[in-house]
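The structure appears below as structure tokens.
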Amino acid sequence: MSGAHPLTPVILLTGFLGSGKTTLLQRLLDDPSMAGAAVLINEFGEVALDHHLLDRIDDTVVLLKSGCICCTVRGEVADALLNLESLRARAEIAFDRVVIETTGLADPYPVLQTLTAHPVLRSHFAHGGVLTTVDAVNAGRQVDHRAEAVRQIAAADRIVLTKTDLAPPGTEAALRDRLGRINPTAGLVTSADPVPAILADFGPALLPAPREGGHDAAHVCDATCNHDHGHDHGHHHHHHPGADTLGVTSFSLVIADAIDWTMFGTWLTLLLHKYGDKIFRVKGILVIEGEDRPVAIHGVQHLIHAPTHLDHWPEGPRQSRLVFILEGVSPDLIRRSFAAFTGLQEVRTAA
Amino acid sequence: MCSLCGILGCDDHWTNAVDRPGVYSRNRDSQSRRMETARRLKAVNRIASYRRLRLEVWQGRSYVLSSATGASSVFEALSHLWPEAEALAGRAFDPLDEGLIAWMEGQRT
């Protein structure tokens, strides 16, 4: 398929009920960079509230008709995208990206899976990243009690904090810290930031540098590490590493040597076959044996997207880093398994 | 597409992605495909031997997984490998299982 046309990126806009997805979408669509976007929105229940709130309804806005986008509308997402592609092929419309706004209860995974698995869609569309809105006032409670909210945050490539002006003083900093521990791979912005800042360098393949603060970015914990991490949330047991929201933790594997791509792919496939429902997110940048340039991989649950061959190394040390966001799986067992399968000795876990 | 059965055979596994600009794939040309397939068989068989299974390629298109007792299954997509392997072995392949980790460590020597 050499000479294939470029795939159109599909951006998934998700976030819990009332977290400001539509308000953000309205702002994004006003920006000139989004002039070429086609938009799919979802109505939930009988009244298409989201639809009425949008003031840019034209030929490139398709309203998904029934139910929640997370499962029942999966076929409709495919149909709507095929419809857009068909209209474009007939030169009736033009667009350079698609934004899908999900309902607040949606798990982003089925939509991403549709993009990757559908035999026609995957030749025209690519995963363009997950943008998750998080309400600074209510998020604390939501991530305590709602698995959907945690999954949306875990799936995010960028988190947009909304309603920060309404949040009590000090809430935002604590929330940022918490979100950073649930999903250290996502960039964090606020909805008040300029649109170019919200969309800058946004994409699923990008792996931000290790977080500043909390854990020292240069410090790498391993199985023998026995110091206190001094988290500022009032308890000092050695939970290792990452967050404790609904049992969701995140950690990185840091690998010093180049990786055998074939064995890595086989191992990760087996790991996700067995634990894909507990591993919400995998994202990494890898040094592959025989390659000069790094390879980025990213996946949500059972799904791994086509690996990206990056043009150059991002800032920071040139070593492989693989970030997992998961629930109920031991980071140290994953480290040992990775080392055993790939035959690499210097594999460490880090925050 | 398979000319015998008409099934749209597409091995859409992420490690075998369609070669596009920006995508890392060893699915570039027939030579790199063959080399990668050989490497993949070797890698998979190191793991599959834990349950006395063996993977081979049939006509460069399908995979054949067989057990020590002579049972076999044929599939086209790599994404079917581990479910097929577990069905054939009648037991799980758990990469976090201590026994399998020890087996893989032993394979290195």
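Ordering of the structure tokens sets the chain letters (A, B, ...), residue numbers begin anew at 1 in every chain, and ligands are numbered from 1 in the order given.
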
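The residues of chain A lying at most 8 Å from chain B, with only C-alpha atoms taken into account, are Met1, Ser2, Ala4, Thr262, Met263, Gly265, Thr266, Trp267, Thr269, Leu270, Leu271, His273, Lys274, Val295, Ile304, His305, Ala306, Pro307, Thr308, His309, Leu310, Leu333, Ile334, Arg336, Ser337, Ala340, Phe341 and Gly343 of chain A.
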
Let's have the selection written as a CSV table (one decimal), in the first residue's frame, with N, CA and C atoms.
```
chain,number,residue,atom,x,y,z
A,1,MET,N,0.8,-1.2,0.0
A,1,MET,CA,0.0,0.0,0.0
A,1,MET,C,0.9,1.3,0.0
A,2,SER,N,2.0,1.2,-0.7
A,2,SER,CA,2.8,2.4,-0.7
A,2,SER,C,2.1,3.4,-1.5
A,4,ALA,N,-0.1,5.3,-0.3
A,4,ALA,CA,-1.5,5.4,0.2
A,4,ALA,C,-1.7,6.8,0.6
A,262,THR,N,10.6,-8.3,17.9
A,262,THR,CA,9.7,-9.5,17.7
A,262,THR,C,9.3,-10.1,19.0
A,263,MET,N,10.3,-10.3,19.9
A,263,MET,CA,9.9,-10.9,21.2
A,263,MET,C,9.1,-9.9,22.0
A,265,GLY,N,7.0,-7.7,20.8
A,265,GLY,CA,5.6,-7.7,20.3
A,265,GLY,C,4.9,-9.0,20.8
A,266,THR,N,5.6,-10.1,20.8
A,266,THR,CA,4.9,-11.3,21.2
A,266,THR,C,4.6,-11.3,22.7
A,267,TRP,N,5.5,-10.7,23.5
A,267,TRP,CA,5.2,-10.6,24.9
A,267,TRP,C,4.1,-9.7,25.2
A,269,THR,N,1.7,-8.8,23.3
A,269,THR,CA,0.4,-9.4,22.8
A,269,THR,C,-0.1,-10.4,23.8
A,270,LEU,N,0.8,-11.2,24.3
A,270,LEU,CA,0.4,-12.2,25.3
A,270,LEU,C,-0.1,-11.6,26.6
A,271,LEU,N,0.6,-10.5,27.0
A,271,LEU,CA,0.2,-9.8,28.2
A,271,LEU,C,-1.2,-9.2,28.1
A,273,HIS,N,-3.5,-10.1,25.9
A,273,HIS,CA,-4.4,-11.1,25.8
A,273,HIS,C,-5.0,-11.6,27.1
A,274,LYS,N,-4.0,-11.6,28.1
A,274,LYS,CA,-4.4,-12.1,29.4
A,274,LYS,C,-4.9,-11.0,30.3
A,295,VAL,N,11.0,4.0,18.4
A,295,VAL,CA,9.7,3.6,18.0
A,295,VAL,C,8.7,3.8,19.2
A,304,ILE,N,-3.6,-2.3,20.6
A,304,ILE,CA,-2.4,-1.5,20.4
A,304,ILE,C,-2.5,-0.9,19.0
A,305,HIS,N,-2.2,0.4,18.9
A,305,HIS,CA,-2.3,1.0,17.6
A,305,HIS,C,-1.0,0.7,16.8
A,306,ALA,N,-1.0,1.0,15.5
A,306,ALA,CA,0.2,0.8,14.7
A,306,ALA,C,1.3,1.6,15.3
A,307,PRO,N,2.5,1.0,15.4
A,307,PRO,CA,3.6,1.6,16.1
A,307,PRO,C,4.1,2.8,15.2
A,308,THR,N,4.6,3.8,15.9
A,308,THR,CA,5.1,5.0,15.2
A,308,THR,C,6.6,5.0,15.1
A,309,HIS,N,7.1,5.3,14.0
A,309,HIS,CA,8.6,5.4,13.9
A,309,HIS,C,8.9,6.9,13.9
A,310,LEU,N,9.4,7.3,15.1
A,310,LEU,CA,9.7,8.8,15.3
A,310,LEU,C,10.9,9.2,14.5
A,333,LEU,N,5.9,-8.0,38.9
A,333,LEU,CA,5.7,-9.2,38.0
A,333,LEU,C,5.9,-8.9,36.6
A,334,ILE,N,5.3,-7.7,36.2
A,334,ILE,CA,5.4,-7.3,34.7
A,334,ILE,C,6.9,-7.1,34.4
A,336,ARG,N,9.5,-8.5,35.8
A,336,ARG,CA,10.2,-9.8,35.8
A,336,ARG,C,9.9,-10.5,34.5
A,337,SER,N,8.6,-10.5,34.1
A,337,SER,CA,8.1,-11.1,32.9
A,337,SER,C,8.8,-10.5,31.7
A,340,ALA,N,12.4,-11.6,31.6
A,340,ALA,CA,12.5,-13.1,31.2
A,340,ALA,C,12.3,-13.3,29.7
A,341,PHE,N,11.2,-12.7,29.2
A,341,PHE,CA,10.9,-12.9,27.8
A,341,PHE,C,11.9,-12.3,26.9
A,343,GLY,N,15.0,-11.3,27.6
A,343,GLY,CA,16.3,-11.7,27.9
A,343,GLY,C,17.2,-10.5,28.3
```

Pick out each residue of chain B that DSSP on the backbone tags as strand (DSSP E); I need them as an MDAnalysis selection string. chainID B and resid 53:58 62:67 72:75

For atom CA of Gly20 of chain A and atom CA of Glu101 of chain A, quote the distance in Å rounded to one decimal. 11.1 Å

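Interatomic distance, atom CA of Ala89 of chain A against atom CA of His124 of chain A: 10.9 Å.
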
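Residue nearest Glu148 of chain A within the list A:Gln113, A:Arg335, A:Pro108, A:Val300: A:Pro108 [criterion: smallest interatomic distance, only C-alpha atoms].
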